[in-house]
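> Structure file start_34.txt, compact mmCIF, C-alpha atoms and all ligand atoms, is pasted below:
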```txt
# COMPACT_ATOMS: atom_id res chain seq x y z
CA MET B 104 99.95 169.41 157.85
CA GLU B 105 97.93 166.78 156.02
CA TYR B 106 100.70 166.19 153.48
CA ILE B 107 103.47 166.32 156.09
CA GLN B 108 101.55 163.72 158.09
CA LEU B 109 101.41 161.51 154.98
CA VAL B 110 105.19 161.73 154.59
CA LEU B 111 105.58 160.56 158.17
CA GLU B 112 103.16 157.69 157.60
CA ASN B 113 104.87 156.65 154.35
CA LYS B 114 108.15 156.49 156.29
CA LYS B 115 110.04 157.59 153.22
CA LEU B 116 111.64 160.88 154.13
CA CYS B 117 114.47 160.99 151.59
CA GLY B 118 114.01 162.51 148.16
CA ASP B 119 112.25 161.29 145.02
CA GLY B 120 109.24 159.81 146.80
CA SER B 121 105.63 160.22 145.75
CA PHE B 122 105.38 163.95 146.57
CA THR B 123 108.48 164.73 144.52
CA LYS B 124 106.88 162.87 141.61
CA ASP B 125 103.63 164.81 142.15
CA CYS B 126 105.59 168.07 141.90
CA HIS B 127 107.37 166.93 138.72
CA ARG B 128 104.05 166.06 137.14
CA TRP B 129 102.61 169.41 138.23
CA PHE B 130 105.40 171.29 136.44
CA ILE B 131 104.94 169.29 133.24
CA GLU B 132 101.17 169.77 133.24
CA ASN B 133 101.16 173.42 134.25
CA THR B 134 104.19 174.97 132.56
CA GLY B 135 104.48 172.90 129.41
CA THR B 136 108.06 171.93 130.27
CA VAL B 137 109.41 168.70 128.78
CA GLN B 138 110.92 167.59 132.09
CA ALA B 139 111.34 168.99 135.59
CA LEU B 140 113.45 167.99 138.56
CA LEU B 141 112.95 169.26 142.08
CA THR B 142 116.14 170.62 143.63
CA THR B 143 117.25 171.86 147.04
CA SER B 144 117.32 175.47 145.78
CA CYS B 145 117.29 177.63 142.68
CA THR B 146 121.02 178.12 143.30
CA HIS B 147 121.47 174.36 142.88
CA ALA B 148 119.20 174.25 139.83
CA LEU B 149 121.45 176.90 138.27
CA GLU B 150 124.55 174.88 139.19
CA MET B 151 123.05 171.82 137.52
CA ALA B 152 122.21 173.88 134.44
CA ALA B 153 125.81 175.14 134.26
CA ILE B 154 127.12 171.55 134.38
CA LEU B 155 124.58 170.40 131.76
CA ALA B 156 125.54 173.29 129.49
CA GLU B 157 129.13 172.00 129.79
CA ILE B 158 130.47 175.36 130.89
CA LYS B 159 134.22 175.14 131.39
CA SER B 160 137.17 177.33 132.26
CA GLY B 161 137.52 180.31 129.95
CA ASP B 162 133.92 180.24 128.66
CA GLU B 163 131.93 183.45 128.77
CA VAL B 164 128.37 183.71 130.05
CA ILE B 165 126.20 186.77 129.44
CA MET B 166 123.77 188.00 132.11
CA PRO B 167 122.57 191.20 133.75
CA SER B 168 124.56 192.71 136.62
CA TYR B 169 121.30 193.55 138.36
CA THR B 170 120.57 190.06 139.71
CA PHE B 171 121.11 187.77 142.68
CA VAL B 172 124.61 186.33 143.24
CA SER B 173 123.57 182.76 142.42
CA THR B 174 122.85 183.66 138.79
CA ALA B 175 126.59 184.31 138.40
CA ASN B 176 128.07 181.96 141.00
CA ALA B 177 126.72 178.84 139.32
CA PHE B 178 128.81 179.59 136.23
CA VAL B 179 131.84 180.93 138.09
CA LEU B 180 132.00 177.56 139.88
CA ARG B 181 132.61 175.98 136.46
CA GLY B 182 135.35 178.47 135.62
CA ALA B 183 133.37 180.84 133.43
CA LYS B 184 133.96 184.54 133.01
CA ILE B 185 130.79 186.57 133.56
CA VAL B 186 129.95 189.24 131.00
CA PHE B 187 127.50 191.70 132.52
CA VAL B 188 125.21 193.58 130.14
CA ASP B 189 123.13 196.64 130.98
CA ILE B 190 119.42 196.43 131.85
CA ARG B 191 116.36 198.14 130.42
CA PRO B 192 115.14 200.88 132.73
CA ASP B 193 111.47 199.92 132.26
CA THR B 194 111.53 196.28 133.44
CA MET B 195 115.00 196.13 135.09
CA ASN B 196 115.63 193.06 132.88
CA ILE B 197 118.66 192.50 130.64
CA ASP B 198 118.49 194.75 127.56
CA GLU B 199 118.05 192.22 124.76
CA ASN B 200 119.38 194.72 122.22
CA LEU B 201 122.79 194.88 123.91
CA ILE B 202 123.44 191.14 124.04
CA GLU B 203 124.67 190.54 120.49
CA ALA B 204 127.54 193.04 120.77
CA ALA B 205 128.82 191.24 123.89
CA ILE B 206 129.14 187.87 122.14
CA THR B 207 132.63 186.53 121.38
CA THR B 208 133.93 183.15 120.21
CA LYS B 209 134.13 182.19 123.90
CA THR B 210 130.46 182.91 124.66
CA LYS B 211 128.55 179.77 125.66
CA ALA B 212 125.33 180.88 127.30
CA ILE B 213 122.88 183.70 127.93
CA VAL B 214 121.19 183.82 131.33
CA PRO B 215 118.14 186.09 131.34
CA MET B 216 116.72 186.75 134.80
CA HIS B 217 113.03 187.67 134.95
CA TYR B 218 112.96 190.43 137.53
CA ALA B 219 109.87 190.62 139.72
CA GLY B 220 108.35 187.78 137.68
CA VAL B 221 108.11 190.00 134.61
CA SER B 222 109.57 188.33 131.53
CA CYS B 223 112.63 189.38 129.57
CA GLU B 224 112.14 189.90 125.80
CA MET B 225 112.55 186.19 125.14
CA ASP B 226 111.88 186.04 121.38
CA THR B 227 114.80 188.36 120.68
CA ILE B 228 117.03 186.48 123.14
CA LEU B 229 116.15 183.10 121.57
CA ASP B 230 116.86 184.46 118.07
CA ILE B 231 120.32 185.64 119.13
CA ALA B 232 121.01 182.32 120.88
CA ASN B 233 120.01 180.39 117.75
CA LYS B 234 122.16 182.56 115.52
CA TYR B 235 125.28 182.01 117.65
CA ASN B 236 124.44 178.52 118.92
CA LEU B 237 124.26 179.54 122.58
CA VAL B 238 122.44 177.90 125.45
CA VAL B 239 119.67 179.92 127.12
CA ILE B 240 119.22 179.31 130.85
CA GLU B 241 116.38 181.27 132.43
CA ASP B 242 116.78 182.39 136.01
CA ALA B 243 113.04 182.22 136.66
CA ALA B 244 113.53 182.18 140.45
CA GLN B 245 110.83 184.82 140.82
CA GLY B 246 108.71 183.74 137.87
CA ILE B 247 106.45 180.83 138.78
CA GLY B 248 102.97 181.46 137.41
CA SER B 249 104.17 184.22 135.08
CA SER B 250 104.17 183.99 131.31
CA TYR B 251 105.52 185.57 128.14
CA LYS B 252 103.25 185.38 125.07
CA GLY B 253 101.36 182.63 126.87
CA ARG B 254 104.46 180.54 127.65
CA SER B 255 105.39 179.88 131.26
CA LEU B 256 108.61 181.49 132.44
CA GLY B 257 111.24 178.83 133.01
CA SER B 258 109.99 176.70 130.11
CA ILE B 259 111.05 179.01 127.27
CA GLY B 260 114.85 178.63 127.17
CA ASP B 261 116.83 175.37 127.00
CA MET B 262 116.69 175.22 130.78
CA GLY B 263 114.90 177.21 133.46
CA CYS B 264 115.34 177.50 137.22
CA TYR B 265 112.68 178.17 139.85
CA SER B 266 113.14 179.06 143.51
CA PHE B 267 110.88 177.97 146.33
CA HIS B 268 112.74 179.90 148.98
CA GLU B 269 110.51 181.32 151.68
CA THR B 270 110.65 184.78 150.06
CA LYS B 271 109.10 183.58 146.78
CA ASN B 272 105.39 183.31 145.85
CA VAL B 273 105.35 179.54 146.24
CA SER B 274 107.70 178.09 148.81
CA CYS B 275 108.85 175.13 150.87
CA GLY B 276 111.36 177.01 153.01
CA GLU B 277 114.34 176.14 150.81
CA GLY B 278 113.82 174.55 147.41
CA GLY B 279 113.95 174.90 143.66
CA ALA B 280 113.41 173.17 140.36
CA LEU B 281 115.25 172.69 137.11
CA LEU B 282 113.10 172.71 133.98
CA ILE B 283 114.60 171.05 130.91
CA GLN B 284 113.40 171.45 127.33
CA ASP B 285 116.03 169.27 125.65
CA GLU B 286 115.11 165.61 126.15
CA SER B 287 118.72 164.54 125.59
CA LEU B 288 119.82 166.36 128.75
CA VAL B 289 117.37 164.62 131.07
CA GLU B 290 119.34 161.45 131.77
CA ARG B 291 122.52 163.37 132.64
CA ALA B 292 120.49 165.78 134.79
CA GLU B 293 119.19 162.87 136.87
CA ILE B 294 122.75 161.62 137.34
CA ILE B 295 124.16 165.02 138.36
CA ARG B 296 121.32 165.44 140.85
CA GLU B 297 122.03 162.01 142.41
CA LYS B 298 125.71 162.58 143.32
CA GLY B 299 126.92 161.55 139.86
CA THR B 300 125.36 158.10 140.11
CA ASN B 301 122.76 156.36 137.98
CA ARG B 302 120.56 155.70 141.02
CA SER B 303 117.42 157.12 139.35
CA LYS B 304 117.64 154.44 136.66
CA PHE B 305 118.19 151.83 139.39
CA TRP B 306 115.03 152.92 141.26
CA ARG B 307 113.06 152.58 138.04
CA GLY B 308 114.38 149.05 137.63
CA GLN B 309 116.19 149.90 134.40
CA ILE B 310 119.53 148.61 135.74
CA ASP B 311 120.30 146.11 138.53
CA LYS B 312 123.00 148.03 140.38
CA TYR B 313 123.99 151.64 140.50
CA THR B 314 127.41 153.19 140.29
CA TRP B 315 129.39 156.41 139.95
CA VAL B 316 129.22 157.57 136.32
CA ASP B 317 129.69 161.37 136.23
CA ILE B 318 130.30 164.47 138.34
CA GLY B 319 127.40 165.52 140.52
CA SER B 320 126.19 166.49 143.94
CA SER B 321 123.23 166.02 146.25
CA TYR B 322 120.67 168.26 144.63
CA LEU B 323 117.43 166.53 145.62
CA PRO B 324 115.24 167.74 148.47
CA SER B 325 113.60 165.58 151.12
CA GLU B 326 109.99 164.47 150.86
CA PHE B 327 109.03 166.95 153.61
CA ASN B 328 109.95 169.82 151.34
CA ALA B 329 108.23 168.21 148.36
CA ALA B 330 105.04 167.61 150.34
CA TYR B 331 104.93 171.18 151.62
CA LEU B 332 105.65 172.47 148.13
CA TYR B 333 103.01 170.31 146.45
CA MET B 334 100.27 171.82 148.60
CA GLN B 335 101.56 175.28 147.68
CA LEU B 336 101.64 174.43 143.97
CA GLN B 337 98.06 173.17 144.13
CA ASN B 338 97.10 176.56 145.55
CA ILE B 339 99.16 178.73 143.24
CA GLU B 340 96.17 180.40 141.60
CA LYS B 341 94.79 181.46 144.95
CA ILE B 342 98.21 182.68 146.08
CA ASN B 343 99.02 184.68 142.95
CA LYS B 344 95.50 186.10 142.65
CA ASP B 345 95.70 187.42 146.19
CA ARG B 346 99.11 188.99 145.54
CA LEU B 347 97.86 190.53 142.29
CA LYS B 348 95.03 192.16 144.22
CA THR B 349 97.55 193.86 146.51
CA TRP B 350 99.77 194.74 143.55
CA ASN B 351 96.89 196.38 141.67
CA HIS B 352 95.76 198.23 144.78
CA TYR B 353 99.25 199.78 145.10
CA ASN B 354 99.50 200.49 141.40
CA GLU B 355 96.11 202.21 141.13
CA SER B 356 96.42 204.22 144.32
CA LEU B 357 99.95 205.44 143.60
CA LYS B 358 99.01 206.74 140.15
CA PRO B 359 98.52 210.32 141.37
CA LEU B 360 102.08 210.35 142.78
CA ALA B 361 103.38 208.92 139.53
CA GLN B 362 101.44 211.45 137.47
CA LYS B 363 102.90 214.28 139.51
CA GLY B 364 106.37 212.90 138.77
CA PHE B 365 107.27 212.02 142.38
CA ILE B 366 107.67 208.32 141.75
CA GLU B 367 107.68 205.82 138.90
CA SER B 368 105.52 202.70 138.92
CA PRO B 369 106.57 199.31 137.53
CA VAL B 370 106.14 198.69 133.79
CA ILE B 371 104.58 195.45 132.57
CA PRO B 372 105.10 194.90 128.82
CA GLN B 373 102.05 193.77 126.87
CA GLU B 374 103.41 190.28 126.18
CA CYS B 375 103.86 189.62 129.88
CA GLN B 376 101.49 188.19 132.43
CA HIS B 377 103.08 188.57 135.85
CA ASN B 378 102.67 186.92 139.25
CA ALA B 379 102.89 189.99 141.51
CA HIS B 380 106.09 188.67 143.03
CA MET B 381 107.14 192.19 143.93
CA PHE B 382 105.78 195.71 144.05
CA TYR B 383 108.41 198.37 143.69
CA ILE B 384 108.51 202.07 143.04
CA LYS B 385 111.35 204.21 141.77
CA VAL B 386 112.18 207.44 143.51
CA LYS B 387 114.37 210.39 142.53
CA ASP B 388 117.73 209.06 143.68
CA VAL B 389 119.57 207.14 146.39
CA GLU B 390 119.35 210.00 148.92
CA GLU B 391 115.63 210.29 148.57
CA ARG B 392 115.35 206.53 148.89
CA SER B 393 117.25 206.50 152.20
CA SER B 394 115.10 209.28 153.54
CA LEU B 395 111.93 207.51 152.44
CA ILE B 396 113.04 204.20 153.99
CA ASP B 397 113.65 206.01 157.31
CA TYR B 398 110.33 207.80 157.13
CA LEU B 399 108.43 204.59 156.42
CA LYS B 400 110.30 202.84 159.23
CA GLN B 401 109.14 205.53 161.64
CA HIS B 402 105.63 204.50 160.64
CA GLU B 403 106.40 200.81 161.15
CA ILE B 404 106.59 200.04 157.43
CA ILE B 405 109.52 197.95 156.28
CA SER B 406 110.62 198.86 152.77
CA VAL B 407 113.78 197.51 151.22
CA PHE B 408 115.97 198.06 148.20
CA HIS B 409 117.43 195.25 146.15
CA TYR B 410 120.57 194.05 144.44
CA ILE B 411 123.83 195.90 144.61
CA PRO B 412 124.87 195.41 140.97
CA LEU B 413 127.18 192.40 140.78
CA HIS B 414 129.81 194.13 138.67
CA SER B 415 130.49 196.55 141.52
CA SER B 416 130.89 193.77 144.13
CA PRO B 417 134.34 192.36 145.00
CA ALA B 418 133.57 188.93 143.50
CA GLY B 419 131.87 190.44 140.48
CA GLN B 420 135.02 192.37 139.69
CA ARG B 421 137.13 189.27 140.10
CA PHE B 422 134.99 186.94 138.04
CA GLY B 423 133.43 189.20 135.47
CA PHE B 424 133.28 192.56 133.78
CA PHE B 425 130.68 194.98 132.55
CA PHE B 426 130.42 195.06 128.78
CA GLY B 427 129.64 198.50 127.35
CA ALA B 428 128.29 201.44 129.29
CA ASP B 429 126.51 201.15 132.63
CA LYS B 430 123.79 203.53 131.60
CA TRP B 431 120.99 202.15 133.75
CA THR B 432 122.12 199.32 136.04
CA THR B 433 123.64 201.42 138.84
CA LYS B 434 121.37 204.41 138.43
CA GLU B 435 118.09 202.50 138.40
CA SER B 436 119.11 200.06 141.15
CA GLU B 437 119.75 203.02 143.46
CA ARG B 438 116.25 204.40 142.86
CA LEU B 439 114.30 201.21 143.37
CA LEU B 440 112.34 200.58 146.56
CA ARG B 441 110.25 197.50 147.31
CA LEU B 442 107.04 197.83 149.29
CA PRO B 443 105.58 195.07 151.48
CA ILE B 444 103.65 192.43 149.55
CA TYR B 445 102.72 188.97 150.75
CA TYR B 446 99.93 186.43 150.60
CA GLY B 447 96.98 187.46 152.74
CA MET B 448 98.06 191.08 153.08
CA LYS B 449 95.19 193.10 154.51
CA GLU B 450 93.67 195.82 152.34
CA GLU B 451 93.80 198.26 155.25
CA ASN B 452 97.55 197.72 155.54
CA VAL B 453 98.06 198.47 151.86
CA ALA B 454 95.89 201.58 152.24
CA TYR B 455 97.93 202.68 155.26
CA ILE B 456 101.20 202.39 153.34
CA ILE B 457 99.74 204.30 150.39
CA ALA B 458 98.53 207.04 152.73
CA LYS B 459 101.97 207.37 154.35
CA LEU B 460 103.73 207.49 150.99
CA THR B 461 101.33 210.11 149.74
CA GLY B 462 101.81 212.09 152.94
CA TYR B 463 105.58 211.95 152.51
CA TYR B 464 105.47 213.51 149.07
CA GLU B 465 102.82 216.06 149.89
CA ASN B 466 104.95 217.25 152.81
CA ALA B 467 108.06 217.16 150.67
CA LYS B 468 106.45 219.48 148.16
CA LYS B 469 105.78 222.05 150.85
CA HIS B 470 109.32 221.91 152.15
CA THR B 471 111.21 221.75 148.90
CA THR B 472 110.20 225.10 147.47
CA PRO B 473 113.70 226.49 147.04
CA PRO B 474 114.55 229.60 149.03
CA PRO B 475 115.03 232.64 146.75
CA HIS B 476 118.83 232.48 146.44
CA SER B 477 119.54 228.78 146.66
CA GLY B 478 121.06 226.80 143.84
CA GLN B 479 119.41 223.82 142.16
CA ASN B 480 120.47 221.49 144.95
CA ILE B 481 117.07 220.89 146.42
CA GLN B 482 117.20 218.67 149.49
CA TYR B 483 114.16 216.53 149.06
CA CYS B 484 112.07 215.70 152.08
CA LYS B 485 114.54 216.92 154.69
CA ALA B 486 111.77 218.20 156.92
CA VAL B 487 109.81 214.94 157.09
C1 LIG F 501 115.79 183.86 145.05
C2 LIG F 501 116.64 183.94 143.86
C3 LIG F 501 117.66 183.02 143.60
C4 LIG F 501 118.11 181.98 144.59
O1 LIG F 501 117.13 181.10 144.97
P1 LIG F 501 117.44 180.01 146.11
O2 LIG F 501 116.31 179.05 145.95
O3 LIG F 501 117.41 180.74 147.41
O4 LIG F 501 118.75 179.41 145.81
C5 LIG F 501 118.36 183.10 142.41
N1 LIG F 501 118.09 184.05 141.51
C6 LIG F 501 117.13 184.99 141.73
C7 LIG F 501 116.87 186.02 140.69
C8 LIG F 501 116.39 184.97 142.91
O5 LIG F 501 115.45 185.91 143.12
```
How does this structure look as structure tokens?
Ligand SMILES: *Cc1c(COP(=O)(O)O)cnc(C)c1O


Amino acid sequence: MEYIQLVLENKKLCGDGSFTKDCHRWFIENTGTVQALLTTSCTHALEMAAILAEIKSGDEVIMPSYTFVSTANAFVLRGAKIVFVDIRPDTMNIDENLIEAAITTKTKAIVPMHYAGVSCEMDTILDIANKYNLVVIEDAAQGIGSSYKGRSLGSIGDMGCYSFHETKNVSCGEGGALLIQDESLVERAEIIREKGTNRSKFWRGQIDKYTWVDIGSSYLPSEFNAAYLYMQLQNIEKINKDRLKTWNHYNESLKPLAQKGFIESPVIPQECQHNAHMFYIKVKDVEERSSLIDYLKQHEIISVFHYIPLHSSPAGQRFGFFFGADKWTTKESERLLRLPIYYGMKEENVAYIIAKLTGYYENAKKHTTPPPHSGQNIQYCKAV
């Protein structure tokens, strides 16, 4: 409220005011990025990245199929063909070892998406990109405050995109940022973000009138969003620490269920520091997941699954194709279930959810002892 009040007093509500500059400085100081620009969403940051990477009709862009639509849409808007590569079952991130085989003479970019704020294997991805002269654009929508080998997600590739949508750790309702590591792209990025004009230079007094110089759109948020976001950024440690507490509570308390083989817990590779953006479990299969969602709902717990793999969606089939075998993408996406996690979540609520989950599986065990003559088709948890 204090910052919003200041915006009102400053009477500058449009973008690129003092709070936007504060946010830009925050990204540079806290992520090690060369430059950062606040945007109206991560979707728009990705669109800017696609323009800056000079993606054009016929180009191919490699990414996982297990991601949000915007990861692909941004490149489809420029005419690219999307090449979906399988994920790793442990982190749900793109399998870095499958990327090289998918590269053709048309490949222009690799877009790793850091699922749940847990990093992709970036060193391998950067090596491949260097070898074939490809641009790396990180979809770090979920990754603010996370790192890989000590480097902030979003600042590792040529460009990185954050989301500040309400569902993310740090938010301003709707918002995002584009992080740029290549100094030579910064001037064009400012132009694209300002409707294709050189207005940013004009504001800085570097030119005496501004004009239309390139393609672009309106990708800058208002000062209200920037002010709200800046307060959130200044409190990121508090926010992520609180979420990590909930995450660890789930992880520790669900160990017995994991050890008994009922569920799988998330895997965090050693090189990765994560921000507890999400806590998910993996269950036996899609049927068990539906049954578990219903059961939890009966106990007033909202649990949700996540992406329908893009390659199986109508637009995904039109604008892309799956390269190689879909060994994990479909299978693992059908088993994944997200549990409630948010800033300020009460310990007793986490404990309640853990108790219900444990109860579900303990009951299931009683009811799934197969009758003497039945086949292998055990109907998990029917009786719950
Ligand atoms: C949230 C999200 C986006 C989109 O972010 P917006 O700011 O809502 O545009 C893109 N990619 C991933 C992986 C996301 O989780």

> Show me, as a ChimeraX atom specification, the residues that have an atom within 10 Å of Asp226 in chain B when counting only C-alpha atoms, minus same-chain residues fewer than 2 positions from it.

/B:199,223-224,228-232,251-252,259-260

> Find the distance between CA of Val137 in chain B and CA of Gln284 in chain B and write it in Å to one decimal.

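Answer for the CA of Val137 in chain B to CA of Gln284 in chain B separation: 5.1 Å.
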
> Counting all atoms listed in the file, which residue out of B:Ile310, B:Ala243, B:Ile456, B:Ile295 sits closest to Ser356 in chain B?

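Nearest to Ser356 in chain B: B:Ile456.
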
> Which protein, DNA or RNA residues have an atom within 7 Å of ligand LIG 501 (chain F), counting all atoms listed in the file, as a PyMOL selection string?

chain B and resi 144-147+170-171+173-174+216+218+242-245+266-268+271+277-279

> So the first atom is CA of Asp189 in chain B and the second is CA of Leu149 in chain B; what is the distance between them in Å, to one decimal place?

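Separation of CA of Asp189 in chain B and CA of Leu149 in chain B: 21.1 Å.
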
> Quick one: residues within 8 Å of Ser436 in chain B, all atoms listed in the file, excluding same-chain residues fewer than 5 positions away - as a list of chain:residue names?

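Close residues of Ser436 in chain B: B:Tyr169, B:Phe408, B:His409, B:Tyr410, B:Ile411, B:Pro412, B:Trp431.
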
> For Thr433 in chain B, which residue among B:Ser416, B:Thr270, B:Thr207, B:Thr314 is the nearest when counting only C-alpha atoms?

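Once distances to Thr433 in chain B are computed over only C-alpha atoms, the minimum belongs to B:Ser416.
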
> Can you work out which one of B:Thr142, B:Glu355, B:Pro372, B:Tyr383 has the shortest atom-to-atom distance to Cys275 in chain B, counting all atoms listed in the file?

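Checking each candidate against Cys275 in chain B, we get B:Thr142 as the closest.
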
> Name the closest residue to Leu281 in chain B among the candidates B:Gln420, B:Asn236, B:Thr136, B:Asn113; distances are taken between atoms, counting only C-alpha atoms.

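When distances to Leu281 in chain B are compared using only C-alpha atoms, the smallest one comes from B:Thr136.
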
> As an exercise, work out the distance from CA of Thr210 in chain B to CA of Gly182 in chain B in Å and give it to one decimal place.

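Atom-to-atom, CA of Thr210 in chain B and CA of Gly182 in chain B are spaced 12.8 Å apart.
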
> Between B:Met381, B:Leu237, B:Leu439, B:Leu109, which residue has the minimum interatomic distance to Tyr353 in chain B, considering all atoms listed in the file?

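For Tyr353 in chain B, the nearest of the candidates is B:Met381.
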
> Near Ala458 in chain B, counting only C-alpha atoms, which residues have an atom at most 10 Å away, once you skip same-chain residues fewer than 5 positions from it, shown as a PyMOL selection string?

chain B and resi 356-357+452-453+463

> Please determine, counting all atoms listed in the file, which residue among B:Val164, B:Cys375, B:Met334, B:Leu155 has the shortest atom-to-atom distance to Gly253 in chain B.

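Using all atoms listed in the file, Gly253 in chain B sits closest to B:Cys375.
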
> Quick one: residues within 9 Å of Glu241 in chain B, all atoms listed in the file counted, chain neighbours fewer than 4 positions away excluded, as a ChimeraX atom specification?

/B:149,213-217,256-265

> Show me as a ChimeraX atom specification the residues that reach within 12 Å of (95.4, 193.6, 143.1), counting all atoms listed in the file and using the file's own coordinates.

/B:342-356,377-382,444-450,453

> Please provide the set of residues having any atom within 10 Å of Val179 in chain B, restricted to only C-alpha atoms, with same-chain residues fewer than 4 positions apart removed, written as a ChimeraX atom specification.

/B:150,153,158-164,173-175,183-185,418-419,422-423

> What residues have an atom no more than 10 Å from (105.1, 205.1, 137.3) in the file's own frame, counting all atoms listed in the file, and can you write them as an MDAnalysis selection string?

chainID B and resid 193 354 357:370 383:386
